[in-house]
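> Sharing a structure below in structure tokens format, with a few things to ask.
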Number of protein chains: 2
Amino acid sequence: MKNNQFGRMQLPLDTELLELKNIHVLEADVLDTPKAQLIAFLQRAWTPLVTSPAAFDQKLSQLLATPDTTMADFFASAAPLTADIFARLALQLLQFEPETDYDIADPLSAYSTLQLPTFDVEAFQTANDVAHAWYQLLSTHTKNGETYLDYLTQTGYFVPFYGQITGPVFFNGKAQAVFNPHETIHEIVYVEAPLDTDHDGKRDLLKVEVSRPKLTNSGYKAPVLYTASPYNQGTNDTFGEKITHSVDVPLTEKAPNQLTAADVQFQSLSPELPPERIPIGETVLATEHFAKEQSYTLNNYFLSRGFAVVYAAGIGTRDSDGLRDTGGPAETLSTVAIIEWLDGQCQAFTNKTDRIAIPAWWTNQHIAMTGRSYLGTLATAAATTGVDGLKTVISEAAISSWYDYYRDNGLVAAPDTFQGEDMDVLAGDVFSRMQDAGDYLGVKKDFEQVLSQLQKDQDRHSGSYTAYWDGRNYLNQVANIKADMILVHGLNDWNVKPRNVYNLWQSLRELPIHKKIILHQGQHIYINNFRSLDFTDMMNLWLSYKLFDLNNGADTLLPDVLIQDNVTAETWYPVTDWPAATDQYQTLYLDQDHLTETKHQTPQIQTFNDQLSEATFKRYCDDLAGWHADLFKPNTDENALRDNRLIFKTEPLVHPWTIDGTPEITVDVAVDASVGMLSFQLVDYGDAKRLGAKPTLLAKNVLSGAYDWRTDDLYEFMPETQVTPWKMITKGHVNLQNRTHAYQDEVVVPNTFNQVHVTLQPTFYRLPAGHRLGLVIYATDFETTIRGNQNLSYQINLTESQLNLRLADNH
Amino acid sequence: MKNNQFGRMQLPLDTELLELKNIHVLEADVLDTPKAQLIAFLQRAWTPLVTSPAAFDQKLSQLLATPDTTMADFFASAAPLTADIFARLALQLLQFEPETDYDIADPLSAYSTLQLPTFDVEAFQTANDVAHAWYQLLSTHTKNGETYLDYLTQTGYFVPFYGQITGPVFFNGKAQAVFNPHETIHEIVYVEAPLDTDHDGKRDLLKVEVSRPKLTNSGYKAPVLYTASPYNQGTNDTFGEKITHSVDVPLTEKAPNQLTAADVQFQSLSPELPPERIPIGETVLATEHFAKEQSYTLNNYFLSRGFAVVYAAGIGTRDSDGLRDTGGPAETLSTVAIIEWLDGQCQAFTNKTDRIAIPAWWTNQHIAMTGRSYLGTLATAAATTGVDGLKTVISEAAISSWYDYYRDNGLVAAPDTFQGEDMDVLAGDVFSRMQDAGDYLGVKKDFEQVLSQLQKDQDRHSGSYTAYWDGRNYLNQVANIKADMILVHGLNDWNVKPRNVYNLWQSLRELPIHKKIILHQGQHIYINNFRSLDFTDMMNLWLSYKLFDLNNGADTLLPDVLIQDNVTAETWYPVTDWPAATDQYQTLYLDQDHLTETKHQTPQIQTFNDQLSEATFKRYCDDLAGWHADLFKPNTDENALRDNRLIFKTEPLVHPWTIDGTPEITVDVAVDASVGMLSFQLVDYGDAKRLGAKPTLLAKNVLSGAYDWRTDDLYEFMPETQVTPWKMITKGHVNLQNRTHAYQDEVVVPNTFNQVHVTLQPTFYRLPAGHRLGLVIYATDFETTIRGNQNLSYQINLTESQLNLRLADNH
């Protein structure tokens, strides 16, 4: 295994000693001898669990100092402490296994293979050297993907701090678990949003679940991690399934138009608002509490470290007022209202009727938003309002424009595994007010009205970019962003596709804020529980910097762009940008079934038909993995897709390529009808045990932010055990009527060639030498597009078609 | 969905009222009117979360009393409380969803479809009637598979009891979560076992992790749930993989013998033991503690209910002395030593050197053992010693004879997905002393010696039943059992195969103890988190009865034999026995490719060869699912197994069959060599959406035994979404040299027919009308047997072969 830590600070010895004293690892100055100091450190480390000298000796006797001496024997001897002995001890304390992870005879070289922070082996002589090495050990990851100090924390190291502290305690730039998580106060308030989305003549009240450290009752002001989750008051799964759309419908012709970008610009309305409620009193005590929130494990980690955590589900969810219009301006206002309350700009009440106001008197008004997917999307949305108080956003796998989630170049294009979902289905799914029958009674009609309006606006017959979608494109408001942005996304995320994070990242480039991006090889997941990356530590460093104003240099220490390698497991590297500046471009031409570096001059036309037999069509609908495999497989007789797509491949690469950013495709295409669509996939062809995009569970319940507290499982992307012949790199789709713009519907003249230019989803993909790059051109995508199984024949003029890649330096 | 509750007591109203008072749901007598009483109940239920009248009214307004009146409006009105209103309220409180789960207009009929306990609709008039209905509601399962009272518990209902109680509090015969789980004392002691398995001249000390309620410090004596888990101090996965055996080796000839059962009887040795340690002092205070055990969720549930929980990993595990010899008498003694300490029969020390004794002064010496798989096995083993103090065992998916785990009728036969594992591999895997390099240093040589002895004893070349295996057959000691036994097993468990539980169940029949068996449709899993069965409640009723001596009649209330249906989801029925007494037997004869009810008279011989092409062999080794599918598939050209097995099928059944117990097969077989083996599978052929043997995750982290406490996920066996054409019912294997006895090796004369009689694994399987029963006869089982890919041809004389089934009445 390989350890990757980017959130570790290198500090001068003086500071290290001060910090060790601050967390009582050193009670006073360092001791006289290295051995005495090491014993003292071990005693402190084991304090929560061992309370007799005999038990302490027993533990020592279980550790080796040299290949044939235990630590107990070593301490009883006159032998000096060496770097070799310390390293061996450290590896054992870090839970690495001899033979499996390292050679017990040579612990020092394991430091480099495991990528652990080394210490100066030559200058390992004084008690100060031991203190430095111990400091380093405390901030180094164990085999289980957490710092040794976090491991000790879970054994109860910081329990004696509970009730003794007056504020956060930091170590190596990160807040520690010195707050008793079981004394957290869980209370509910109702924030008054500047909205009346259910048109009842009263501003919408939104339920907020606040978890704050008990110390706030004694004057401590806590920063806030706020997660806006439309899911966390429940979802209407059965109802959502019921209103999911059939995708087995034909592509239909759109009346041509000459619209420009300006024509589809969203015009925001400012509906007249009911007045704010006039409070009849104010209190600091909530009158409603909750037992357990539907929590996000990253937030759990911070709940014992001095942060408050706030969840709100927003308009249209259980216990809140209002009606949700997926992705729209009201939803954003509903998200931001919670921040405004935390920042003292708007009011909240203890319940929906009494008008007893309750301010957020317990916060330092430094707020971060966290969350993945829809949750991260709302965090991004909130940032684009420039709301005061929001210091930073950690936005994971977030949508930056809803058009890029449910549409693509004039086509209805589903997120992976959610065929038939759309804005209305999502709205129905999260409308959890439905789950309280008494509440639903009064709002059912209005909800049905919203749903029907949504169905009209989203217009599944068109697929084009309209003012409706423009109003749900957060990229339009990026210039307002004042919060620092951390973006996290999976390069294999075909649910929220990488274009979402790519476009946001590009648009942030010129803004005067700090921005960071982390790209991993996973799908639609979070990465705060991966063994090979210290994501949680990085976020702790960052949040301590942003929300506690700790001067830890997180802005420069954390890499701006961090990318996980797709070939070698557990490998993460900082790069300059995404895409990085380059002068390496590669144009590939289509010739027979080849992708070539030189253009073939004689005209060549290849054709394919999009229609399948009814039986094959049904089979693929039920077996998307089978369809995807046939798409890539050679054209044997058994392959039912052999006449339904074109495959072009390069020769095996002599040198590896790193494809960086957005591949661009130009094709010259004709179809024998007035409608048509094209899909494209870039494929890595070559036998290899690739990294699995689905993370492997390494250990259950081993991660936790504190003693006796909620846990998370440990994961890693491991190489697959089986060789696979291919892997999709990226893809793209286009409606031939939208060959120029997603907002402009053009005429398709049957059997007439048009140039179509498509930007595929962005990537960062290392294609090893010996592999071939493949391009598949087809029409219906069973996983993504509508599937009318129409009898449409496509002709591709290969000579006028090409693929353009942007390449990065190899790593 | 359908609710199945077997752990609910029906009590007289007087007792119900007393119990309601006991948990302060009723503070005094019932109120004057039904409506007032209902309000009072709701107020009590919501007490932990709602502290103002306005918030209470808000919650009322979210519930419907009638299809168009909220509960708030209903209480404000003069309308009387009706059974219809109460039922509608109850369904909402139980979290069922209108439209999805019931019709809001007709809540009473939902009681029967959801299988909820009904109340007398006609006699629903007084406050007492409301109290009775409320009592019933509290003990009824919500949609999330827990009682409504347990749901309230998770919201904090019993928190005010913390520190106020002097012992357990019961409701409906079950202990409630009135002990603060975060105040549990976690301490370590070292029990001295009557063993010296590492031959160091000192009795083995075994680490025990004790979690006991803080109230024990004030005189409360706690009963104990004890789980013996060899895994829970860590496992040596890499080492275990390294010593896993290749199974791609030929079946070899065994020298014939004339052994009898008496010849292979295990003779126990009583090695001379070092003397007991002489304590130099005694204490009640442990000096070593632990932060978190590797826990079992069923134990977690009980930790807040007055039970102590004890884990021990036994000899050869991390922090303990000794060396483990899988399944042997020493392992059993090591398991039992912990009970003897709890029962005051042997001593423990605070550490391994000081000789400060520490008694189990805090227990009432009523002990139950729990655990699944190896853990359940050790619980069974402990029971067979008749040790005092052990009142009951809940043994899940347990081995009853190690021969039945790693061998079958003279063959090496692996547990599913563990090809190549054996007694030595398991011993290596759980020898967690290896993980403390300092400890391992001193014991490495002895461990290697044990491993090498194990490899000799298990004798993978033979596969026969020997004295070694006889010493690891707990069935030999069943007569000693004094503890009441609860057996739980999956009918699709091909890891610990059903024969293990079947043989134990048969052998318990005549013992003067209480015994119960629960058979589910899962694989190798536990079932305390399934929505459709109140397993946890049943165990609570049972443990309250056995360990607190509560007079709740659990012995008669709980069904003796409870079986889950394999056709209809969420269906469990008590039956009289397993197998049930019957006079329905069905003999089936082999004729061409048919199973027929009448015997064909003309001699018929069919042959198959066991050898595959090298490429096919390799492919199946890497794709066991593919092999299994080909085994069942028709003999098309594509099926690479078409010449390597015989398939016989009945006509589609006119009436369903319920196959109960052990199908028996007799075949007349010849092989063209002096060695040979046969395998058999019974198959359910017929297109159906079957129950998945892999449970579906319904909701994460929703189950918990207490407020702010460890959670479990909710599961259910759901019907698969895809139609499947077949399912294996049961299977069996035999070495032709062991055609008479597993302990007797006979000569196989090439090309000479022998009668072979094989008892397949027991089952309880409902084969619906329209389906066919299939019998597959083959030799090498890629999932189970060794795979020598030998060129062996088998002839089956169909006329002299038959299948005998025992049928039960259909349900």
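Chain labels follow the order of the structure tokens: the first chain is A, the next B, and so on; residue numbering restarts at 1 in every chain, and ligands are counted from 1 in their shown order.
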Mind listing as number ranges by chain which residues of chain A are within 8 Å of chain B, counting only C-alpha atoms?
A: 48-52, 54-55, 58, 61-64, 68-71, 92, 97-98, 100, 154-156, 182, 238, 287-292, 351-354, 435-441, 707-708, 710
> Can you list every residue in stretch 420-488 of chain B that DSSP puts in strand (DSSP E), as an NGL selection string?
:B and (484-488)
> Put those residues in a file: N, CA and C atoms, as a PDB file, in the first residue's frame.

```pdb
ATOM      1  N   ASP B 484     -30.514 -24.425  27.198  1.00  0.00           N
ATOM      2  CA  ASP B 484     -31.555 -24.391  26.175  1.00  0.00           C
ATOM      3  C   ASP B 484     -30.961 -23.857  24.881  1.00  0.00           C
ATOM      4  N   MET B 485     -31.386 -24.453  23.765  1.00  0.00           N
ATOM      5  CA  MET B 485     -30.727 -24.159  22.494  1.00  0.00           C
ATOM      6  C   MET B 485     -31.672 -23.473  21.501  1.00  0.00           C
ATOM      7  N   ILE B 486     -31.203 -22.344  20.947  1.00  0.00           N
ATOM      8  CA  ILE B 486     -31.905 -21.700  19.834  1.00  0.00           C
ATOM      9  C   ILE B 486     -30.986 -21.833  18.629  1.00  0.00           C
ATOM     10  N   LEU B 487     -31.466 -22.497  17.600  1.00  0.00           N
ATOM     11  CA  LEU B 487     -30.659 -22.684  16.399  1.00  0.00           C
ATOM     12  C   LEU B 487     -31.229 -21.821  15.268  1.00  0.00           C
ATOM     13  N   VAL B 488     -30.347 -21.166  14.537  1.00  0.00           N
ATOM     14  CA  VAL B 488     -30.764 -20.314  13.418  1.00  0.00           C
ATOM     15  C   VAL B 488     -29.874 -20.656  12.234  1.00  0.00           C
TER      16      VAL B 488
END
```
> What separation in Å, quoted to one decimal, exists between atom CA of A:Ile394 and atom CA of A:Thr370?
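Between these atoms lies a distance of 5.0 Å.
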> Write out as a count of residues only the set of residues from stretch 562-772 of chain B that DSSP, computed on the backbone, places in helix (DSSP H, G or I).
21
> Can you tell me which residues surround stretch 579-595 of chain B at a distance of at most 6 Å, considering only C-alpha atoms, apart from same-chain residues fewer than 4 positions away, and format the answer as JSON, numbers by chain?
{"B": [599, 648, 649, 650, 660, 661, 798, 802, 803, 804, 805, 806, 807]}
> Could you save those same residues with N, CA and C atoms as an mmCIF file, in the first residue's frame?

```cif
data_model
loop_
_atom_site.group_PDB
_atom_site.id
_atom_site.type_symbol
_atom_site.label_atom_id
_atom_site.label_comp_id
_atom_site.auth_asym_id
_atom_site.auth_seq_id
_atom_site.Cartn_x
_atom_site.Cartn_y
_atom_site.Cartn_z
ATOM 1 N N LYS B 599 -41.105 -46.860 -12.551
ATOM 2 C CA LYS B 599 -39.772 -47.350 -12.883
ATOM 3 C C LYS B 599 -39.766 -47.932 -14.288
ATOM 4 N N PHE B 648 -31.786 -34.854 -15.380
ATOM 5 C CA PHE B 648 -33.085 -35.536 -15.414
ATOM 6 C C PHE B 648 -34.119 -34.581 -14.826
ATOM 7 N N LYS B 649 -35.281 -34.513 -15.494
ATOM 8 C CA LYS B 649 -36.314 -33.595 -15.002
ATOM 9 C C LYS B 649 -37.670 -34.269 -14.952
ATOM 10 N N THR B 650 -38.457 -33.861 -13.960
ATOM 11 C CA THR B 650 -39.855 -34.302 -13.923
ATOM 12 C C THR B 650 -40.633 -33.525 -14.977
ATOM 13 N N ASP B 660 -39.112 -31.738 2.291
ATOM 14 C CA ASP B 660 -38.816 -31.488 3.707
ATOM 15 C C ASP B 660 -37.754 -32.492 4.164
ATOM 16 N N GLY B 661 -36.652 -31.983 4.722
ATOM 17 C CA GLY B 661 -35.628 -32.903 5.218
ATOM 18 C C GLY B 661 -34.593 -33.247 4.162
ATOM 19 N N LEU B 798 -29.344 -46.335 -15.105
ATOM 20 C CA LEU B 798 -30.512 -45.564 -14.668
ATOM 21 C C LEU B 798 -31.560 -46.458 -13.999
ATOM 22 N N GLN B 802 -32.334 -44.207 -8.176
ATOM 23 C CA GLN B 802 -33.575 -43.516 -7.823
ATOM 24 C C GLN B 802 -33.342 -42.384 -6.825
ATOM 25 N N LEU B 803 -34.333 -41.517 -6.763
ATOM 26 C CA LEU B 803 -34.300 -40.362 -5.849
ATOM 27 C C LEU B 803 -35.494 -40.474 -4.914
ATOM 28 N N ASN B 804 -35.257 -40.360 -3.618
ATOM 29 C CA ASN B 804 -36.347 -40.449 -2.644
ATOM 30 C C ASN B 804 -36.540 -39.127 -1.924
ATOM 31 N N LEU B 805 -37.752 -38.646 -2.000
ATOM 32 C CA LEU B 805 -38.070 -37.372 -1.353
ATOM 33 C C LEU B 805 -39.058 -37.604 -0.224
ATOM 34 N N ARG B 806 -38.941 -36.767 0.766
ATOM 35 C CA ARG B 806 -39.909 -36.728 1.855
ATOM 36 C C ARG B 806 -40.658 -35.417 1.683
ATOM 37 N N LEU B 807 -41.964 -35.506 1.622
ATOM 38 C CA LEU B 807 -42.754 -34.299 1.353
ATOM 39 C C LEU B 807 -43.552 -33.887 2.589
#
```
> Excluding stretch 308-314 of chain A and any residue of its chain fewer than 6 positions from it, enumerate the residues within 7 Å of it, using only C-alpha atoms, and give them as a PyMOL selection string.
chain A and resi 206-213+222-233+299+320+334-335
> Using atom CA of A:Asp493 and atom CA of A:His524 as the two end points, give the distance in Å to one decimal.
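Computing it gives 5.0 Å between the two atoms.
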> For A:Thr417, which residue among A:Thr326, A:Gln258, A:Gln523, A:Gln790 is the nearest when counting only C-alpha atoms?
A:Gln523
> Any idea what's packed within 10 Å of A:Asp781, counting only C-alpha atoms, ignoring anything in its chain fewer than 2 positions away? Could you give it as a list in words?
Ala413, Ala414, Leu624, Trp627, His628, Leu631, Met677, Leu678, Ser679, Phe680, Gly732, His733, Tyr778, Ala779, Glu783, Thr784, Thr785, Ile786 and Arg787 of chain A
